[in-house]
Amino acid sequence: MNTATPSSVPTDLSPGHVTVTPSILYFGTPVVLLSTENENGSFNLAPMSSAWALGHVIVLGLGAEGQTAHNLRSRRDLVVNLPGPAQWPAVERLAPLTGRTPVPASKRGSFRFEPDKFAAAGLRPQPSERVRPPRVAECPMQLEARVAQARPDSSGDFLIVEARVLRVHADPRIVVSGSQHIDPAAWSPLIYNFRHYYGLGPELGHSFRSRTA
């Protein structure tokens with residue numbers, strides 16, 4: 001039963017909605033760069049934008065045929081690097097590359113094999129402390145992590161990975177001085193919004209649970 005009173009009904013809604021069929025559902029999610037270890041001991045770096053956090057567990061959605069998924073099935077260490085808006089050109093340089101050879105059938109014609117993703121993107125590897133893959137030096141936030149569980153999704157096209165964060169590194173400019181908190185006024189993730197890159201806009205408010213209000 002609808003018990004809303006006239007005063008509680010939103011007044012800023014459009015007259016109606018239209019039914020659409022988007023080609024992809026990237027509705028404004030952070031971009032991350034995943035560094036993983038290849039079979040030969042070299043390292044792969046791949047952009048993706050299907051990541052979210054549950055406490056200190058990061059859930060990732062990866063294409064099942066990609067090199068990152070291939071690596072994480074047998075080598076559990078990874079780094080979840082979070083670029084800021086200034087790094088979007090480097091992310092886009094990585095976008096048409098794959099570390100898998102031969103190139104998977106689903107990527108042929110649009111992607112090319114590149115063994116040195118760091119160099120191709122113009123990014124610098126930085127040694128990690130708890131895992132083997134390196135961090136991305138230019139990224140303001142870096143999460144060293146280890147896979148706890150990996151399984152195919154219901155379609156079989158994707159690999160769903162749960163990774164537990166072991167160590168968090170942050171640029172001191174985005175940390176509240178004298179605390180362990182990330183400053184939301186200083187940190188702006190790179191957002192992938194329907195295949196376009198954005199940063200954050202001005203703050204609208206804060207949660208009652210915020211410790212940095």
# chains A, B, ... in the order shown; residues from 1 in each chain; ligands from 1
call {"tool": "residues_around", "arguments": {"residues": "Ile58 (chain A)", "least_positions_apart": "4", "cutoff": "6 Å", "atoms": "only C-alpha atoms", "output": "NGL selection string"}}
result
:A and (52-53 or 162-163)
call {"tool": "closest_atom_pairs", "arguments": {"of": "region 11-71 of chain A", "to": "region 165-169 of chain A", "cutoff": "12 Å", "atoms": "only C-alpha atoms", "output": "CSV"}}
result
residue,atom,partner,partner_atom,distance
A:Ala53,CA,A:Val165,CA,9.8
A:Leu54,CA,A:Val165,CA,10.4
A:Gly55,CA,A:Val165,CA,9.2
A:His56,CA,A:Val165,CA,5.5
A:Val57,CA,A:Val165,CA,6.0
A:Ile58,CA,A:Val165,CA,7.1
A:Val59,CA,A:Val165,CA,10.6
call {"tool": "write_last_selection", "arguments": {"atoms": "N, CA and C atoms", "output": "short mmCIF file (atom, residue, chain, number, x, y, z; two decimals), in the first residue's frame"}}
result
data_model
loop_
_atom_site.label_atom_id
_atom_site.label_comp_id
_atom_site.auth_asym_id
_atom_site.auth_seq_id
_atom_site.Cartn_x
_atom_site.Cartn_y
_atom_site.Cartn_z
N ALA A 53 33.69 -2.80 -2.71
CA ALA A 53 34.29 -3.23 -1.45
C ALA A 53 33.23 -3.66 -0.45
N LEU A 54 33.55 -4.75 0.27
CA LEU A 54 32.77 -5.21 1.41
C LEU A 54 33.73 -5.25 2.59
N GLY A 55 33.78 -4.18 3.37
CA GLY A 55 34.76 -4.11 4.44
C GLY A 55 36.15 -4.12 3.83
N HIS A 56 36.96 -5.13 4.16
CA HIS A 56 38.30 -5.25 3.59
C HIS A 56 38.38 -6.34 2.52
N VAL A 57 37.25 -6.68 1.95
CA VAL A 57 37.21 -7.60 0.81
C VAL A 57 36.79 -6.80 -0.42
N ILE A 58 37.55 -6.97 -1.49
CA ILE A 58 37.23 -6.34 -2.77
C ILE A 58 36.64 -7.40 -3.69
N VAL A 59 35.49 -7.11 -4.27
CA VAL A 59 34.85 -8.02 -5.22
C VAL A 59 35.09 -7.48 -6.62
#
call {"tool": "residues_around", "arguments": {"residues": "His206 (chain A)", "least_positions_apart": "6", "cutoff": "12 Å", "atoms": "only C-alpha atoms", "output": "PyMOL selection string"}}
result
chain A and resi 184-185+212-213
call {"tool": "write_last_selection", "arguments": {"atoms": "C-alpha atoms", "output": "short mmCIF file (atom, residue, chain, number, x, y, z; two decimals), in the first residue's frame"}}
result
data_model
loop_
_atom_site.label_atom_id
_atom_site.label_comp_id
_atom_site.auth_asym_id
_atom_site.auth_seq_id
_atom_site.Cartn_x
_atom_site.Cartn_y
_atom_site.Cartn_z
CA PRO A 184 37.07 12.56 0.85
CA ALA A 185 37.59 16.23 0.05
CA THR A 212 35.83 12.98 8.34
CA ALA A 213 32.85 15.37 8.31
#
call {"tool": "select_by_dssp", "arguments": {"residues": "region 85-135 of chain A", "states": "alpha helix (DSSP H)", "output": "MDAnalysis selection string"}}
result
chainID A and resid 88:94 117:121
call {"tool": "residues_around", "arguments": {"residues": "Asp153 (chain A)", "least_positions_apart": "6", "cutoff": "12 Å", "atoms": "only C-alpha atoms", "output": "ChimeraX atom specification"}}
result
/A:60-64,159-161
call {"tool": "write_last_selection", "arguments": {"atoms": "C-alpha atoms", "output": "compact mmCIF listing (two decimals), in the first residue's frame"}}
result
# COMPACT_ATOMS: atom_id res chain seq x y z
CA LEU A 60 35.99 -7.96 -8.85
CA GLY A 61 34.21 -8.90 -12.05
CA LEU A 62 36.62 -9.94 -14.82
CA GLY A 63 36.28 -11.24 -18.33
CA ALA A 64 36.85 -14.98 -18.07
CA LEU A 159 35.07 -14.55 -13.28
CA ILE A 160 33.91 -13.20 -9.92
CA VAL A 161 36.85 -12.73 -7.57
call {"tool": "residues_around", "arguments": {"residues": "Ala105 (chain A)", "least_positions_apart": "6", "cutoff": "12 Å", "atoms": "only C-alpha atoms", "output": "list in words"}}
result
Ala64, Glu65, Gly66, Thr98, Phe111 and Arg112 of chain A
call {"tool": "select_by_dssp", "arguments": {"residues": "region 3-166 of chain A", "states": "strand (DSSP E)", "output": "PyMOL selection string"}}
result
chain A and resi 27-30+32-37+43-48+51-54+57-63+77-82+97-98+112-113+125-126+135-136+141-152+158-166
call {"tool": "write_last_selection", "arguments": {"atoms": "C-alpha atoms", "output": "PDB file, in the first residue's frame"}}
result
ATOM      1  CA  PHE A  27      26.649   3.328 -14.576  1.00  0.00           C
ATOM      2  CA  GLY A  28      29.376   5.300 -12.863  1.00  0.00           C
ATOM      3  CA  THR A  29      31.869   2.977 -11.153  1.00  0.00           C
ATOM      4  CA  PRO A  30      35.509   3.553 -10.143  1.00  0.00           C
ATOM      5  CA  VAL A  32      40.967   0.238 -11.069  1.00  0.00           C
ATOM      6  CA  LEU A  33      44.212  -1.056 -12.532  1.00  0.00           C
ATOM      7  CA  LEU A  34      44.909  -4.662 -11.561  1.00  0.00           C
ATOM      8  CA  SER A  35      48.496  -5.847 -11.456  1.00  0.00           C
ATOM      9  CA  THR A  36      48.953  -9.624 -11.454  1.00  0.00           C
ATOM     10  CA  GLU A  37      51.768 -12.110 -12.080  1.00  0.00           C
ATOM     11  CA  PHE A  43      53.583  -8.820 -14.556  1.00  0.00           C
ATOM     12  CA  ASN A  44      50.343  -7.881 -16.249  1.00  0.00           C
ATOM     13  CA  LEU A  45      48.454  -4.620 -15.772  1.00  0.00           C
ATOM     14  CA  ALA A  46      44.809  -4.349 -16.774  1.00  0.00           C
ATOM     15  CA  PRO A  47      42.086  -1.712 -16.378  1.00  0.00           C
ATOM     16  CA  MET A  48      38.641  -2.697 -15.185  1.00  0.00           C
ATOM     17  CA  ALA A  51      34.948  -3.501  -8.463  1.00  0.00           C
ATOM     18  CA  TRP A  52      33.361  -2.829  -5.090  1.00  0.00           C
ATOM     19  CA  ALA A  53      34.288  -3.232  -1.450  1.00  0.00           C
ATOM     20  CA  LEU A  54      32.773  -5.209   1.411  1.00  0.00           C
ATOM     21  CA  VAL A  57      37.207  -7.597   0.810  1.00  0.00           C
ATOM     22  CA  ILE A  58      37.227  -6.337  -2.770  1.00  0.00           C
ATOM     23  CA  VAL A  59      34.853  -8.019  -5.216  1.00  0.00           C
ATOM     24  CA  LEU A  60      35.988  -7.958  -8.852  1.00  0.00           C
ATOM     25  CA  GLY A  61      34.209  -8.904 -12.046  1.00  0.00           C
ATOM     26  CA  LEU A  62      36.616  -9.937 -14.817  1.00  0.00           C
ATOM     27  CA  GLY A  63      36.284 -11.240 -18.335  1.00  0.00           C
ATOM     28  CA  ASP A  77      48.435 -12.159  -5.362  1.00  0.00           C
ATOM     29  CA  LEU A  78      47.308  -8.884  -6.917  1.00  0.00           C
ATOM     30  CA  VAL A  79      47.302  -5.146  -6.408  1.00  0.00           C
ATOM     31  CA  VAL A  80      44.141  -3.088  -6.867  1.00  0.00           C
ATOM     32  CA  ASN A  81      45.462   0.313  -7.939  1.00  0.00           C
ATOM     33  CA  LEU A  82      43.009   3.222  -7.938  1.00  0.00           C
ATOM     34  CA  LEU A  97      45.758  -4.052 -24.983  1.00  0.00           C
ATOM     35  CA  THR A  98      45.737  -7.628 -23.752  1.00  0.00           C
ATOM     36  CA  ARG A 112      46.386  -6.355 -29.535  1.00  0.00           C
ATOM     37  CA  PHE A 113      48.861  -8.334 -27.470  1.00  0.00           C
ATOM     38  CA  PRO A 125      55.972  -0.213 -11.240  1.00  0.00           C
ATOM     39  CA  GLN A 126      56.592   0.218  -7.517  1.00  0.00           C
ATOM     40  CA  ARG A 135      51.960  -1.329  -7.392  1.00  0.00           C
ATOM     41  CA  VAL A 136      51.378   1.514  -9.867  1.00  0.00           C
ATOM     42  CA  MET A 141      45.702   4.633  -3.668  1.00  0.00           C
ATOM     43  CA  GLN A 142      47.012   1.067  -3.907  1.00  0.00           C
ATOM     44  CA  LEU A 143      45.543  -2.030  -2.252  1.00  0.00           C
ATOM     45  CA  GLU A 144      47.726  -5.106  -1.931  1.00  0.00           C
ATOM     46  CA  ALA A 145      45.412  -8.103  -1.873  1.00  0.00           C
ATOM     47  CA  ARG A 146      45.128 -11.877  -2.154  1.00  0.00           C
ATOM     48  CA  VAL A 147      42.346 -13.888  -3.766  1.00  0.00           C
ATOM     49  CA  ALA A 148      40.149 -15.696  -1.254  1.00  0.00           C
ATOM     50  CA  GLN A 149      37.672 -17.109  -3.761  1.00  0.00           C
ATOM     51  CA  ALA A 150      37.203 -17.082  -7.543  1.00  0.00           C
ATOM     52  CA  ARG A 151      34.258 -18.567  -9.407  1.00  0.00           C
ATOM     53  CA  PRO A 152      32.514 -18.166 -12.771  1.00  0.00           C
ATOM     54  CA  PHE A 158      33.004 -13.604 -16.303  1.00  0.00           C
ATOM     55  CA  LEU A 159      35.075 -14.547 -13.280  1.00  0.00           C
ATOM     56  CA  ILE A 160      33.908 -13.195  -9.925  1.00  0.00           C
ATOM     57  CA  VAL A 161      36.845 -12.733  -7.566  1.00  0.00           C
ATOM     58  CA  GLU A 162      36.798 -11.990  -3.840  1.00  0.00           C
ATOM     59  CA  ALA A 163      40.151 -10.630  -2.696  1.00  0.00           C
ATOM     60  CA  ARG A 164      41.107  -9.770   0.870  1.00  0.00           C
ATOM     61  CA  VAL A 165      43.068  -6.524   1.252  1.00  0.00           C
ATOM     62  CA  LEU A 166      46.379  -7.037   3.069  1.00  0.00           C
TER      63      LEU A 166
END
call {"tool": "residues_around", "arguments": {"residues": "His181 (chain A)", "least_positions_apart": "2", "cutoff": "8 Å", "atoms": "only C-alpha atoms", "output": "list in words"}}
result
Val175, Val176, Ser179, Asp183, Arg211 and Thr212 of chain A
call {"tool": "write_last_selection", "arguments": {"atoms": "C-alpha atoms", "output": "short mmCIF file (atom, residue, chain, number, x, y, z; two decimals), in the first residue's frame"}}
result
data_model
loop_
_atom_site.label_atom_id
_atom_site.label_comp_id
_atom_site.auth_asym_id
_atom_site.auth_seq_id
_atom_site.Cartn_x
_atom_site.Cartn_y
_atom_site.Cartn_z
CA VAL A 175 45.04 11.28 4.08
CA VAL A 176 43.58 13.33 6.96
CA SER A 179 44.76 9.92 11.23
CA ASP A 183 40.12 12.62 3.16
CA ARG A 211 34.49 10.21 10.59
CA THR A 212 35.83 12.98 8.34
#
call {"tool": "closest_residue", "arguments": {"among": "A:Tyr198, A:Trp187, A:Tyr192, A:Phe118", "to": "Val31 (chain A)", "atoms": "only C-alpha atoms"}}
result
A:Tyr192
call {"tool": "atom_distance", "arguments": {"atom1": "CA of Cys139 (chain A)", "atom2": "CA of Gly178 (chain A)"}}
result
21.6 Å
call {"tool": "closest_residue", "arguments": {"among": "A:Val91, A:Leu72, A:Ala86, A:Leu190", "to": "Lys117 (chain A)", "atoms": "only C-alpha atoms"}}
result
A:Val91
